[in-house]
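**Q** Data file model-v5.pdb (PDB, C-alpha atoms) is appended below.
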MODEL        1
ATOM      1  CA  MET A   1     -64.285 -37.338  -3.388  1.00  0.00           C
ATOM      2  CA  ILE A   2     -60.674 -38.494  -3.203  1.00  0.00           C
ATOM      3  CA  LYS A   3     -59.991 -41.393  -0.891  1.00  0.00           C
ATOM      4  CA  VAL A   4     -56.478 -41.426   0.498  1.00  0.00           C
ATOM      5  CA  ASN A   5     -55.136 -44.683   1.821  1.00  0.00           C
ATOM      6  CA  LYS A   6     -51.991 -44.171   3.820  1.00  0.00           C
ATOM      7  CA  THR A   7     -50.272 -46.577   6.083  1.00  0.00           C
ATOM      8  CA  VAL A   8     -48.114 -45.199   8.824  1.00  0.00           C
ATOM      9  CA  ASP A   9     -45.855 -46.931  11.258  1.00  0.00           C
ATOM     10  CA  VAL A  10     -46.243 -45.984  14.880  1.00  0.00           C
ATOM     11  CA  ILE A  11     -43.070 -46.432  16.849  1.00  0.00           C
ATOM     12  CA  VAL A  12     -43.208 -46.142  20.605  1.00  0.00           C
ATOM     13  CA  PHE A  13     -39.984 -45.386  22.427  1.00  0.00           C
ATOM     14  CA  ALA A  14     -40.605 -46.241  26.038  1.00  0.00           C
ATOM     15  CA  GLY A  15     -38.335 -46.864  28.923  1.00  0.00           C
ATOM     16  CA  GLN A  16     -36.710 -45.279  31.855  1.00  0.00           C
ATOM     17  CA  SER A  17     -34.458 -42.250  32.108  1.00  0.00           C
ATOM     18  CA  ASN A  18     -32.044 -43.164  29.299  1.00  0.00           C
ATOM     19  CA  MET A  19     -34.962 -42.909  26.863  1.00  0.00           C
ATOM     20  CA  SER A  20     -35.675 -39.300  27.792  1.00  0.00           C
ATOM     21  CA  GLY A  21     -32.879 -37.201  26.365  1.00  0.00           C
ATOM     22  CA  ARG A  22     -29.952 -37.204  28.782  1.00  0.00           C
ATOM     23  CA  GLY A  23     -27.237 -36.525  26.197  1.00  0.00           C
ATOM     24  CA  ASN A  24     -25.811 -33.345  24.692  1.00  0.00           C
ATOM     25  CA  VAL A  25     -28.230 -31.956  22.098  1.00  0.00           C
ATOM     26  CA  ALA A  26     -25.409 -30.246  20.194  1.00  0.00           C
ATOM     27  CA  ASN A  27     -23.903 -33.655  19.395  1.00  0.00           C
ATOM     28  CA  ALA A  28     -27.154 -35.446  18.579  1.00  0.00           C
ATOM     29  CA  THR A  29     -27.834 -36.879  15.140  1.00  0.00           C
ATOM     30  CA  LEU A  30     -30.073 -34.469  13.248  1.00  0.00           C
ATOM     31  CA  CYS A  31     -33.453 -35.767  12.194  1.00  0.00           C
ATOM     32  CA  ASP A  32     -35.430 -34.597   9.176  1.00  0.00           C
ATOM     33  CA  GLU A  33     -38.583 -33.050  10.642  1.00  0.00           C
ATOM     34  CA  LYS A  34     -40.663 -34.950   8.088  1.00  0.00           C
ATOM     35  CA  ALA A  35     -39.277 -38.266   9.353  1.00  0.00           C
ATOM     36  CA  GLY A  36     -41.708 -38.605  12.215  1.00  0.00           C
ATOM     37  CA  PHE A  37     -43.750 -37.033  14.950  1.00  0.00           C
ATOM     38  CA  GLU A  38     -43.578 -36.991  18.721  1.00  0.00           C
ATOM     39  CA  TYR A  39     -46.503 -37.215  21.124  1.00  0.00           C
ATOM     40  CA  LYS A  40     -45.876 -35.091  24.187  1.00  0.00           C
ATOM     41  CA  ALA A  41     -48.338 -36.505  26.694  1.00  0.00           C
ATOM     42  CA  VAL A  42     -47.622 -33.876  29.330  1.00  0.00           C
ATOM     43  CA  SER A  43     -46.572 -30.699  27.542  1.00  0.00           C
ATOM     44  CA  ASN A  44     -48.676 -30.915  24.347  1.00  0.00           C
ATOM     45  CA  PRO A  45     -51.206 -33.783  24.502  1.00  0.00           C
ATOM     46  CA  GLU A  46     -53.543 -32.380  21.835  1.00  0.00           C
ATOM     47  CA  MET A  47     -51.350 -33.003  18.800  1.00  0.00           C
ATOM     48  CA  LEU A  48     -48.349 -34.688  17.264  1.00  0.00           C
ATOM     49  CA  VAL A  49     -45.353 -32.425  16.691  1.00  0.00           C
ATOM     50  CA  PRO A  50     -42.443 -32.961  14.267  1.00  0.00           C
ATOM     51  CA  ILE A  51     -39.478 -34.747  15.828  1.00  0.00           C
ATOM     52  CA  THR A  52     -36.742 -32.242  16.593  1.00  0.00           C
ATOM     53  CA  GLU A  53     -33.902 -32.176  19.060  1.00  0.00           C
ATOM     54  CA  PRO A  54     -34.023 -32.257  21.964  1.00  0.00           C
ATOM     55  CA  PHE A  55     -36.236 -35.276  21.286  1.00  0.00           C
ATOM     56  CA  GLY A  56     -37.824 -36.585  24.453  1.00  0.00           C
ATOM     57  CA  LEU A  57     -35.984 -34.124  26.666  1.00  0.00           C
ATOM     58  CA  MET A  58     -37.354 -34.139  30.171  1.00  0.00           C
ATOM     59  CA  ARG A  59     -38.247 -30.567  31.054  1.00  0.00           C
ATOM     60  CA  ILE A  60     -38.557 -31.321  34.742  1.00  0.00           C
ATOM     61  CA  LYS A  61     -35.597 -32.756  36.561  1.00  0.00           C
ATOM     62  CA  SER A  62     -36.590 -35.738  38.630  1.00  0.00           C
ATOM     63  CA  VAL A  63     -35.076 -37.689  41.373  1.00  0.00           C
ATOM     64  CA  GLN A  64     -36.963 -41.120  39.407  1.00  0.00           C
ATOM     65  CA  PHE A  65     -33.837 -43.565  39.245  1.00  0.00           C
ATOM     66  CA  GLU A  66     -36.097 -46.562  39.561  1.00  0.00           C
ATOM     67  CA  THR A  67     -34.932 -49.415  37.430  1.00  0.00           C
ATOM     68  CA  ASP A  68     -35.682 -53.084  37.445  1.00  0.00           C
ATOM     69  CA  GLY A  69     -32.067 -53.692  38.365  1.00  0.00           C
ATOM     70  CA  ASP A  70     -32.138 -51.307  41.313  1.00  0.00           C
ATOM     71  CA  THR A  71     -35.255 -52.966  42.680  1.00  0.00           C
ATOM     72  CA  ASP A  72     -33.761 -56.449  42.261  1.00  0.00           C
ATOM     73  CA  ILE A  73     -36.441 -57.778  39.895  1.00  0.00           C
ATOM     74  CA  SER A  74     -35.820 -61.411  38.988  1.00  0.00           C
ATOM     75  CA  ALA A  75     -35.256 -62.479  35.389  1.00  0.00           C
ATOM     76  CA  SER A  76     -38.551 -64.368  35.324  1.00  0.00           C
ATOM     77  CA  VAL A  77     -40.579 -61.426  36.663  1.00  0.00           C
ATOM     78  CA  TYR A  78     -38.857 -59.011  34.250  1.00  0.00           C
ATOM     79  CA  THR A  79     -39.522 -61.350  31.329  1.00  0.00           C
ATOM     80  CA  GLN A  80     -43.179 -61.881  32.187  1.00  0.00           C
ATOM     81  CA  ASN A  81     -43.761 -58.151  32.783  1.00  0.00           C
ATOM     82  CA  THR A  82     -42.189 -57.348  29.413  1.00  0.00           C
ATOM     83  CA  ILE A  83     -44.272 -59.976  27.619  1.00  0.00           C
ATOM     84  CA  ASP A  84     -47.450 -58.730  29.345  1.00  0.00           C
ATOM     85  CA  LEU A  85     -46.717 -55.138  28.348  1.00  0.00           C
ATOM     86  CA  PHE A  86     -46.064 -56.097  24.733  1.00  0.00           C
ATOM     87  CA  ASP A  87     -49.205 -58.254  24.647  1.00  0.00           C
ATOM     88  CA  THR A  88     -51.197 -55.113  25.440  1.00  0.00           C
ATOM     89  CA  PHE A  89     -49.598 -53.337  22.472  1.00  0.00           C
ATOM     90  CA  LYS A  90     -50.118 -56.411  20.320  1.00  0.00           C
ATOM     91  CA  GLN A  91     -53.858 -56.374  21.037  1.00  0.00           C
ATOM     92  CA  HIS A  92     -53.854 -52.967  19.338  1.00  0.00           C
ATOM     93  CA  GLY A  93     -51.891 -54.010  16.258  1.00  0.00           C
ATOM     94  CA  ALA A  94     -48.244 -53.984  17.304  1.00  0.00           C
ATOM     95  CA  GLU A  95     -46.175 -56.453  15.350  1.00  0.00           C
ATOM     96  CA  VAL A  96     -42.834 -56.584  17.090  1.00  0.00           C
ATOM     97  CA  CYS A  97     -40.875 -55.120  20.000  1.00  0.00           C
ATOM     98  CA  PHE A  98     -37.403 -53.821  19.212  1.00  0.00           C
ATOM     99  CA  LEU A  99     -35.706 -54.071  22.566  1.00  0.00           C
ATOM    100  CA  VAL A 100     -32.784 -51.870  23.597  1.00  0.00           C
ATOM    101  CA  GLN A 101     -30.715 -53.703  26.159  1.00  0.00           C
ATOM    102  CA  THR A 102     -29.978 -51.895  29.392  1.00  0.00           C
ATOM    103  CA  GLY A 103     -26.441 -50.991  30.276  1.00  0.00           C
ATOM    104  CA  HIS A 104     -24.545 -50.903  33.526  1.00  0.00           C
ATOM    105  CA  TYR A 105     -24.574 -49.296  36.883  1.00  0.00           C
ATOM    106  CA  ASN A 106     -21.436 -47.163  36.550  1.00  0.00           C
ATOM    107  CA  TYR A 107     -19.246 -49.067  38.973  1.00  0.00           C
ATOM    108  CA  VAL A 108     -16.099 -47.610  37.356  1.00  0.00           C
ATOM    109  CA  ASP A 109     -16.656 -43.960  38.300  1.00  0.00           C
ATOM    110  CA  TYR A 110     -18.929 -44.649  41.291  1.00  0.00           C
ATOM    111  CA  PRO A 111     -17.329 -47.670  42.996  1.00  0.00           C
ATOM    112  CA  ASN A 112     -19.018 -47.123  46.371  1.00  0.00           C
ATOM    113  CA  GLY A 113     -22.491 -47.745  45.035  1.00  0.00           C
ATOM    114  CA  SER A 114     -25.522 -46.343  46.739  1.00  0.00           C
ATOM    115  CA  GLY A 115     -27.145 -47.166  50.031  1.00  0.00           C
ATOM    116  CA  SER A 116     -26.199 -50.551  51.431  1.00  0.00           C
ATOM    117  CA  LEU A 117     -25.090 -52.106  48.117  1.00  0.00           C
ATOM    118  CA  SER A 118     -21.726 -51.827  46.461  1.00  0.00           C
ATOM    119  CA  ALA A 119     -21.526 -50.620  42.887  1.00  0.00           C
ATOM    120  CA  LYS A 120     -20.591 -54.123  41.705  1.00  0.00           C
ATOM    121  CA  ALA A 121     -23.674 -55.541  43.465  1.00  0.00           C
ATOM    122  CA  TYR A 122     -25.892 -53.020  41.652  1.00  0.00           C
ATOM    123  CA  ASP A 123     -24.260 -53.875  38.355  1.00  0.00           C
ATOM    124  CA  GLU A 124     -24.840 -57.594  38.978  1.00  0.00           C
ATOM    125  CA  ARG A 125     -28.565 -56.793  39.258  1.00  0.00           C
ATOM    126  CA  TYR A 126     -28.371 -54.984  35.909  1.00  0.00           C
ATOM    127  CA  ALA A 127     -26.675 -58.066  34.432  1.00  0.00           C
ATOM    128  CA  VAL A 128     -29.705 -60.143  35.469  1.00  0.00           C
ATOM    129  CA  ILE A 129     -31.903 -57.812  33.400  1.00  0.00           C
ATOM    130  CA  ARG A 130     -29.485 -57.795  30.432  1.00  0.00           C
ATOM    131  CA  ASN A 131     -29.373 -61.590  30.431  1.00  0.00           C
ATOM    132  CA  ALA A 132     -33.162 -61.785  30.635  1.00  0.00           C
ATOM    133  CA  GLN A 133     -33.428 -59.385  27.689  1.00  0.00           C
ATOM    134  CA  THR A 134     -31.035 -61.504  25.621  1.00  0.00           C
ATOM    135  CA  ALA A 135     -32.913 -64.704  26.449  1.00  0.00           C
ATOM    136  CA  LEU A 136     -36.287 -63.099  25.692  1.00  0.00           C
ATOM    137  CA  CYS A 137     -35.106 -62.034  22.234  1.00  0.00           C
ATOM    138  CA  GLU A 138     -33.557 -65.436  21.527  1.00  0.00           C
ATOM    139  CA  ASN A 139     -36.651 -67.370  22.613  1.00  0.00           C
ATOM    140  CA  ASN A 140     -39.599 -65.209  21.550  1.00  0.00           C
ATOM    141  CA  ASP A 141     -40.152 -64.063  17.958  1.00  0.00           C
ATOM    142  CA  ASN A 142     -42.077 -61.017  19.166  1.00  0.00           C
ATOM    143  CA  PHE A 143     -38.854 -59.464  20.478  1.00  0.00           C
ATOM    144  CA  ILE A 144     -35.782 -58.328  18.561  1.00  0.00           C
ATOM    145  CA  LEU A 145     -32.622 -57.182  20.334  1.00  0.00           C
ATOM    146  CA  ALA A 146     -32.049 -54.000  18.322  1.00  0.00           C
ATOM    147  CA  GLY A 147     -29.363 -52.267  20.355  1.00  0.00           C
ATOM    148  CA  SER A 148     -27.482 -52.439  23.610  1.00  0.00           C
ATOM    149  CA  PHE A 149     -25.863 -50.064  26.075  1.00  0.00           C
ATOM    150  CA  GLU A 150     -23.813 -52.911  27.568  1.00  0.00           C
ATOM    151  CA  GLY A 151     -20.589 -51.994  25.761  1.00  0.00           C
ATOM    152  CA  TYR A 152     -20.713 -48.302  26.641  1.00  0.00           C
ATOM    153  CA  ILE A 153     -19.688 -48.146  30.302  1.00  0.00           C
ATOM    154  CA  ALA A 154     -16.816 -45.806  29.335  1.00  0.00           C
ATOM    155  CA  ASP A 155     -19.446 -43.421  27.911  1.00  0.00           C
ATOM    156  CA  MET A 156     -21.400 -42.954  31.115  1.00  0.00           C
ATOM    157  CA  ILE A 157     -21.920 -39.475  32.573  1.00  0.00           C
ATOM    158  CA  ASP A 158     -23.162 -40.552  36.009  1.00  0.00           C
ATOM    159  CA  GLN A 159     -24.244 -43.773  37.756  1.00  0.00           C
ATOM    160  CA  TYR A 160     -27.068 -44.469  35.269  1.00  0.00           C
ATOM    161  CA  HIS A 161     -26.851 -42.343  32.111  1.00  0.00           C
ATOM    162  CA  TYR A 162     -24.771 -42.201  28.944  1.00  0.00           C
ATOM    163  CA  ASN A 163     -23.224 -39.463  26.858  1.00  0.00           C
ATOM    164  CA  GLN A 164     -24.500 -38.475  23.422  1.00  0.00           C
ATOM    165  CA  HIS A 165     -21.960 -40.689  21.636  1.00  0.00           C
ATOM    166  CA  ALA A 166     -23.493 -43.796  23.227  1.00  0.00           C
ATOM    167  CA  TYR A 167     -27.044 -42.621  22.427  1.00  0.00           C
ATOM    168  CA  ASN A 168     -26.066 -41.954  18.799  1.00  0.00           C
ATOM    169  CA  GLU A 169     -24.386 -45.351  18.362  1.00  0.00           C
ATOM    170  CA  VAL A 170     -27.186 -47.321  19.997  1.00  0.00           C
ATOM    171  CA  GLY A 171     -29.701 -45.291  17.982  1.00  0.00           C
ATOM    172  CA  LYS A 172     -27.918 -46.211  14.733  1.00  0.00           C
ATOM    173  CA  SER A 173     -28.051 -49.878  15.734  1.00  0.00           C
ATOM    174  CA  VAL A 174     -31.775 -49.652  16.457  1.00  0.00           C
ATOM    175  CA  GLY A 175     -32.454 -47.847  13.183  1.00  0.00           C
ATOM    176  CA  LYS A 176     -30.530 -50.484  11.235  1.00  0.00           C
ATOM    177  CA  ALA A 177     -32.364 -53.346  12.975  1.00  0.00           C
ATOM    178  CA  MET A 178     -35.724 -51.732  12.270  1.00  0.00           C
ATOM    179  CA  ALA A 179     -34.874 -51.129   8.599  1.00  0.00           C
ATOM    180  CA  GLU A 180     -33.699 -54.728   8.176  1.00  0.00           C
ATOM    181  CA  TRP A 181     -36.935 -56.001   9.725  1.00  0.00           C
ATOM    182  CA  VAL A 182     -39.055 -53.849   7.404  1.00  0.00           C
ATOM    183  CA  LEU A 183     -37.130 -55.069   4.349  1.00  0.00           C
ATOM    184  CA  MET A 184     -37.640 -58.707   5.405  1.00  0.00           C
ATOM    185  CA  LYS A 185     -41.425 -58.260   5.861  1.00  0.00           C
TER     186      LYS A 185
ENDMDL
END
Could you write out this structure as C-alpha coordinates?

**A**
Amino acid sequence: MIKVNKTVDVIVFAGQSNMSGRGNVANATLCDEKAGFEYKAVSNPEMLVPITEPFGLMRIKSVQFETDGDTDISASVYTQNTIDLFDTFKQHGAEVCFLVQTGHYNYVDYPNGSGSLSAKAYDERYAVIRNAQTALCENNDNFILAGSFEGYIADMIDQYHYNQHAYNEVGKSVGKAMAEWVLMK
(Lines of atoms letter the chains of each structure in order from A and count residues from 1; the text may use other names and numbers.)
(Lines give C-alpha, C1' and ligand atoms only; values in the text may rest on other atoms or scores of the structure.)
Protein backbone atom coordinates (compact mmCIF):
# COMPACT_ATOMS: atom_id res chain seq x y z
CA MET A 1 0.00 0.00 0.00
CA ILE A 2 1.30 3.45 -0.91
CA LYS A 3 0.54 6.20 1.55
CA VAL A 4 0.33 9.63 -0.02
CA ASN A 5 0.76 12.62 2.21
CA LYS A 6 -0.30 15.79 0.49
CA THR A 7 -0.90 19.15 1.99
CA VAL A 8 -3.22 21.49 0.21
CA ASP A 9 -4.08 25.08 0.90
CA VAL A 10 -7.74 25.95 0.98
CA ILE A 11 -8.41 29.52 0.03
CA VAL A 12 -11.87 30.92 0.55
CA PHE A 13 -12.84 33.98 -1.45
CA ALA A 14 -15.88 35.41 0.25
CA GLY A 15 -17.55 38.73 0.09
CA GLN A 16 -20.27 40.65 -1.55
CA SER A 17 -20.99 41.31 -5.20
CA ASN A 18 -17.48 42.40 -6.23
CA MET A 19 -16.25 38.90 -5.34
CA SER A 20 -18.63 37.24 -7.79
CA GLY A 21 -17.37 37.99 -11.27
CA ARG A 22 -18.66 41.38 -12.37
CA GLY A 23 -15.86 42.15 -14.84
CA ASN A 24 -15.33 41.32 -18.51
CA VAL A 25 -14.25 37.68 -18.85
CA ALA A 26 -12.40 38.41 -22.11
CA ASN A 27 -9.99 40.68 -20.22
CA ALA A 28 -9.53 38.46 -17.17
CA THR A 29 -6.15 37.02 -16.25
CA LEU A 30 -6.02 33.41 -17.41
CA CYS A 31 -5.56 30.78 -14.74
CA ASP A 32 -3.90 27.41 -15.22
CA GLU A 33 -6.67 24.88 -14.57
CA LYS A 34 -4.30 22.89 -12.36
CA ALA A 35 -3.78 25.92 -10.11
CA GLY A 36 -6.87 25.36 -8.02
CA PHE A 37 -10.45 24.27 -7.75
CA GLU A 38 -13.74 26.02 -7.19
CA TYR A 39 -16.61 24.82 -5.02
CA LYS A 40 -19.93 25.77 -6.55
CA ALA A 41 -22.31 25.47 -3.62
CA VAL A 42 -25.42 26.10 -5.70
CA SER A 43 -24.74 24.85 -9.22
CA ASN A 44 -22.44 21.87 -8.51
CA PRO A 45 -22.22 21.10 -4.77
CA GLU A 46 -21.06 17.49 -5.18
CA MET A 47 -17.52 18.19 -6.38
CA LEU A 48 -14.68 20.62 -6.85
CA VAL A 49 -14.17 21.83 -10.41
CA PRO A 50 -11.00 23.33 -11.94
CA ILE A 51 -10.87 27.12 -11.74
CA THR A 52 -11.70 28.60 -15.13
CA GLU A 53 -13.10 31.92 -16.23
CA PRO A 54 -15.66 33.12 -15.57
CA PHE A 55 -14.56 32.30 -12.02
CA GLY A 56 -17.32 32.95 -9.52
CA LEU A 57 -19.67 34.36 -12.13
CA MET A 58 -23.14 34.79 -10.75
CA ARG A 59 -25.52 32.98 -13.08
CA ILE A 60 -28.58 34.65 -11.62
CA LYS A 61 -28.80 38.40 -11.66
CA SER A 62 -29.79 39.74 -8.29
CA VAL A 63 -31.05 42.95 -6.97
CA GLN A 64 -28.56 42.00 -3.48
CA PHE A 65 -26.61 45.45 -3.14
CA GLU A 66 -26.41 45.02 0.60
CA THR A 67 -23.13 46.20 1.96
CA ASP A 68 -21.98 47.13 5.41
CA GLY A 69 -21.53 50.67 4.17
CA ASP A 70 -25.05 50.91 2.77
CA THR A 71 -26.52 49.69 6.04
CA ASP A 72 -24.42 52.15 8.06
CA ILE A 73 -22.59 49.53 10.15
CA SER A 74 -20.25 51.14 12.67
CA ALA A 75 -16.52 50.47 12.60
CA SER A 76 -16.69 48.58 15.89
CA VAL A 77 -19.55 46.32 14.77
CA TYR A 78 -17.84 45.66 11.41
CA THR A 79 -14.57 44.82 13.17
CA GLN A 80 -16.17 42.49 15.70
CA ASN A 81 -18.26 40.74 13.02
CA THR A 82 -15.14 40.20 10.91
CA ILE A 83 -13.17 38.84 13.86
CA ASP A 84 -16.06 36.53 14.82
CA LEU A 85 -16.32 35.20 11.28
CA PHE A 86 -12.59 34.55 11.07
CA ASP A 87 -12.60 32.89 14.50
CA THR A 88 -15.04 30.34 13.09
CA PHE A 89 -12.63 29.60 10.23
CA LYS A 90 -9.73 29.52 12.66
CA GLN A 91 -11.44 26.82 14.74
CA HIS A 92 -11.22 24.68 11.60
CA GLY A 93 -7.55 25.35 10.87
CA ALA A 94 -7.45 28.71 9.11
CA GLU A 95 -4.21 30.54 9.71
CA VAL A 96 -4.74 34.02 8.37
CA CYS A 97 -7.30 36.24 6.65
CA PHE A 98 -6.11 38.14 3.60
CA LEU A 99 -8.49 41.06 3.52
CA VAL A 100 -9.39 42.93 0.34
CA GLN A 101 -10.38 46.46 1.24
CA THR A 102 -13.70 47.71 -0.06
CA GLY A 103 -13.81 50.55 -2.52
CA HIS A 104 -16.17 53.44 -3.00
CA TYR A 105 -19.74 54.21 -3.70
CA ASN A 106 -19.36 55.69 -7.19
CA TYR A 107 -20.16 59.28 -6.33
CA VAL A 108 -18.38 60.49 -9.49
CA ASP A 109 -20.74 58.95 -12.05
CA TYR A 110 -23.77 58.71 -9.74
CA PRO A 111 -23.69 61.98 -7.76
CA ASN A 112 -27.35 61.87 -6.71
CA GLY A 113 -26.92 58.77 -4.60
CA SER A 114 -29.82 56.50 -3.86
CA GLY A 115 -32.87 56.97 -1.71
CA SER A 116 -32.57 59.74 0.85
CA LEU A 117 -28.75 59.83 0.95
CA SER A 118 -26.43 61.69 -1.36
CA ALA A 119 -23.68 59.80 -3.12
CA LYS A 120 -21.05 61.48 -0.93
CA ALA A 121 -22.95 60.37 2.20
CA TYR A 122 -22.93 56.76 0.95
CA ASP A 123 -19.24 56.99 0.20
CA GLU A 124 -18.55 58.34 3.70
CA ARG A 125 -20.16 55.15 5.05
CA TYR A 126 -17.83 53.10 2.84
CA ALA A 127 -14.89 55.09 4.23
CA VAL A 128 -15.89 53.98 7.74
CA ILE A 129 -15.56 50.35 6.59
CA ARG A 130 -12.26 50.99 4.76
CA ASN A 131 -10.80 52.65 7.85
CA ALA A 132 -11.99 49.79 10.05
CA GLN A 133 -10.37 47.31 7.66
CA THR A 134 -7.07 49.20 7.78
CA ALA A 135 -7.13 49.38 11.57
CA LEU A 136 -8.02 45.69 11.89
CA CYS A 137 -5.04 44.69 9.75
CA GLU A 138 -2.70 47.03 11.62
CA ASN A 139 -3.81 45.83 15.06
CA ASN A 140 -4.52 42.11 14.63
CA ASP A 141 -1.94 39.64 13.32
CA ASN A 142 -4.70 37.36 12.03
CA PHE A 143 -5.52 39.87 9.28
CA ILE A 144 -3.38 41.02 6.36
CA LEU A 145 -4.47 43.85 4.07
CA ALA A 146 -3.73 42.11 0.76
CA GLY A 147 -5.41 44.43 -1.73
CA SER A 148 -7.68 47.42 -1.98
CA PHE A 149 -10.29 48.80 -4.36
CA GLU A 150 -9.95 52.27 -2.81
CA GLY A 151 -7.79 53.68 -5.60
CA TYR A 152 -9.98 52.44 -8.44
CA ILE A 153 -12.98 54.78 -8.44
CA ALA A 154 -12.19 55.69 -12.07
CA ASP A 155 -12.57 51.98 -12.92
CA MET A 156 -16.13 51.62 -11.69
CA ILE A 157 -18.87 50.39 -14.04
CA ASP A 158 -21.85 51.34 -11.86
CA GLN A 159 -22.49 52.56 -8.30
CA TYR A 160 -20.84 49.51 -6.69
CA HIS A 161 -18.79 47.43 -9.14
CA TYR A 162 -15.46 47.66 -10.93
CA ASN A 163 -14.20 46.86 -14.40
CA GLN A 164 -11.91 43.94 -15.17
CA HIS A 165 -8.78 46.12 -15.00
CA ALA A 166 -9.45 46.87 -11.33
CA TYR A 167 -10.20 43.19 -10.57
CA ASN A 168 -6.97 42.12 -12.31
CA GLU A 169 -4.83 44.68 -10.45
CA VAL A 170 -6.33 43.97 -7.04
CA GLY A 171 -6.03 40.24 -7.77
CA LYS A 172 -2.31 40.64 -8.54
CA SER A 173 -1.86 42.48 -5.24
CA VAL A 174 -3.64 39.72 -3.33
CA GLY A 175 -1.62 37.01 -5.07
CA LYS A 176 1.63 38.80 -4.25
CA ALA A 177 0.65 39.27 -0.59
CA MET A 178 -0.29 35.61 -0.29
CA ALA A 179 2.97 34.44 -1.91
CA GLU A 180 5.02 36.69 0.38
CA TRP A 181 3.21 35.30 3.43
CA VAL A 182 3.85 31.71 2.34
CA LEU A 183 7.55 32.43 1.78
CA MET A 184 7.84 33.98 5.26
CA LYS A 185 6.19 30.97 6.97

**Q** When you draw a straight line from CA of Met184 (chain A) to CA of Leu145 (chain A), how long is it in Å?

**A**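 Calculated distance between CA of Met184 (chain A) and CA of Leu145 (chain A) is 15.8 Å.
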
**Q** If you apply the PyMOL selection byres ((chain A and resi 174) around 8) to this file, what residues do you get, as a PyMOL selection string?

**A** chain A and resi 98+100+146-147+170-173+175-178

**Q** Could you please determine the separation between CA of Ala75 (chain A) and CA of Asn168 (chain A) in Å, to one decimal place?

**A**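 Separating CA of Ala75 (chain A) from CA of Asn168 (chain A) is a distance of 27.9 Å.
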
**Q** Using CA of Gly103 (chain A) and CA of Asn140 (chain A) as the two end points, give the distance in Å to one decimal.

**A**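 Computing the Euclidean distance for CA of Gly103 (chain A) and CA of Asn140 (chain A) yields 21.2 Å.
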
**Q** First collect every listed atom of region 33-51 of chain A; then fit an axis-aligned box around them, widen it by 4 Å on each side, and give centre and edge lengths in Å to one decimal, as lines of an AutoDock Vina configuration file.

**A**
center_x = -46.1
center_y = -34.7
center_z = 18.7
size_x = 23.0
size_y = 15.9
size_z = 29.2

**Q** Would you mind telling me which residue in A:Tyr39, A:Val10, A:Tyr160, A:Ser74 lies nearest to Ser114 (chain A) when using all atoms listed in the file?

**A**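 Result for the nearest residue to Ser114 (chain A): A:Tyr160.
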
**Q** Taking the file as shown, find all residues satisfying the PyMOL selection byres ((chain A and resi 167) around 10) and write them as a list in words.

**A**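 So the PyMOL selection byres ((chain A and resi 167) around 10) ends up selecting Asn18, Met19, Gly21, Arg22, Gly23, Asn24, Asn27, Ala28, Thr29, Ser148, Phe149, Tyr152, Asp155, His161, Tyr162, Asn163, Gln164, His165, Ala166, Asn168, Glu169, Val170, Gly171, Lys172 and Ser173 of chain A.
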